[in-house]
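Report on the following structure.
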Amino acid sequence: MKVEEIKNGKRMLDAFEIRRKVFVVEQEVSAAEEYDEFEDSSTHLLALDGDRPLGTSRIRKTAHGTKLERFAVLAENRGAGVGDALLRECLERCKKDAVVYLHAQEQVMKFYAKHGFVAEGERFYECEIPHFKMVRK
C-alpha cells in the first residue's frame, strides 16, 4: 500500500467516490455538506493498493492551524491499516506546523488518540454526527 498526493482529476474523482460511499451513502451525510468550498485549496491524499483506491483524506490550513479532515476508508478495506497510513502521511506532511487538529467522530476517537491526539472541549455535532475537536500533542 502507498499513500500519494492527488495531482490529477482522475485520482480526485477516486477520492470523491470513496467519500461518497463512506459519508453520503453509509453515514447519510448530504452531498451538499460533504463537498465544500475548500476542495481546491486543500491537499488531498489517496491510499492505493497498486492502482486500486482504498481510502482518502485531506489537509487544510485554517486560521486555527492545520486541520486534518475527510478521512474515509472503503468498508472492505477497514482494519487493514489504511487509516493508519493516511494519518501517518498527513502527520509527516505537517510535522513542522505548530497546531495540528481534527474533528473526530466520537466512534473513532481512540484511533486518533493512538496517534497522539487529545480531545479538547465539549461534544458537538457536524451533519448530525457527534464529534470532538482533537489536537495533536
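Ordering of the C-alpha cells sets the chain letters (A, B, ...); residue numbers start at 1 within each chain; ligands are numbered from 1 in the order shown.
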Check: If you run DSSP on this backbone, which residues of region 39-117 of chain A come out as helix (DSSP H, G or I), and could you give them as a ChimeraX atom specification?
Finding: /A:75-77,82-93,106-113
Checklist line | Neighbour list for Glu39 (chain A) as a VMD selection string, cut-off 10 Å, only C-alpha atoms, skip fewer than 6 positions in-chain | finding: chain A and resid 12 58 to 60
Check: Contacts of Ala32 (chain A) at 12 Å or less, counting only C-alpha atoms, minus same-chain residues fewer than 5 places along, as an NGL selection string?
Finding: :A and (20 or 23-24 or 37 or 127)
Margin query: Nearest residue to Gln27 (chain A) out of A:Glu5, A:Ala72, A:Asp97, A:Lys137, using only C-alpha atoms?
Written below: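 Under the stated criterion, the closest residue is A:Ala72.
Across A:Glu122, A:Glu128, A:Glu34, A:Glu26, the tightest approach to Glu69 (chain A) is made by A:Glu34 when counting only C-alpha atoms.
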Note to self: Would you compute the distance between CA of Arg88 (chain A) and CA of His115 (chain A)? Give it in Å to one decimal.
What the structure shows: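 These atoms are spaced 8.3 Å apart.
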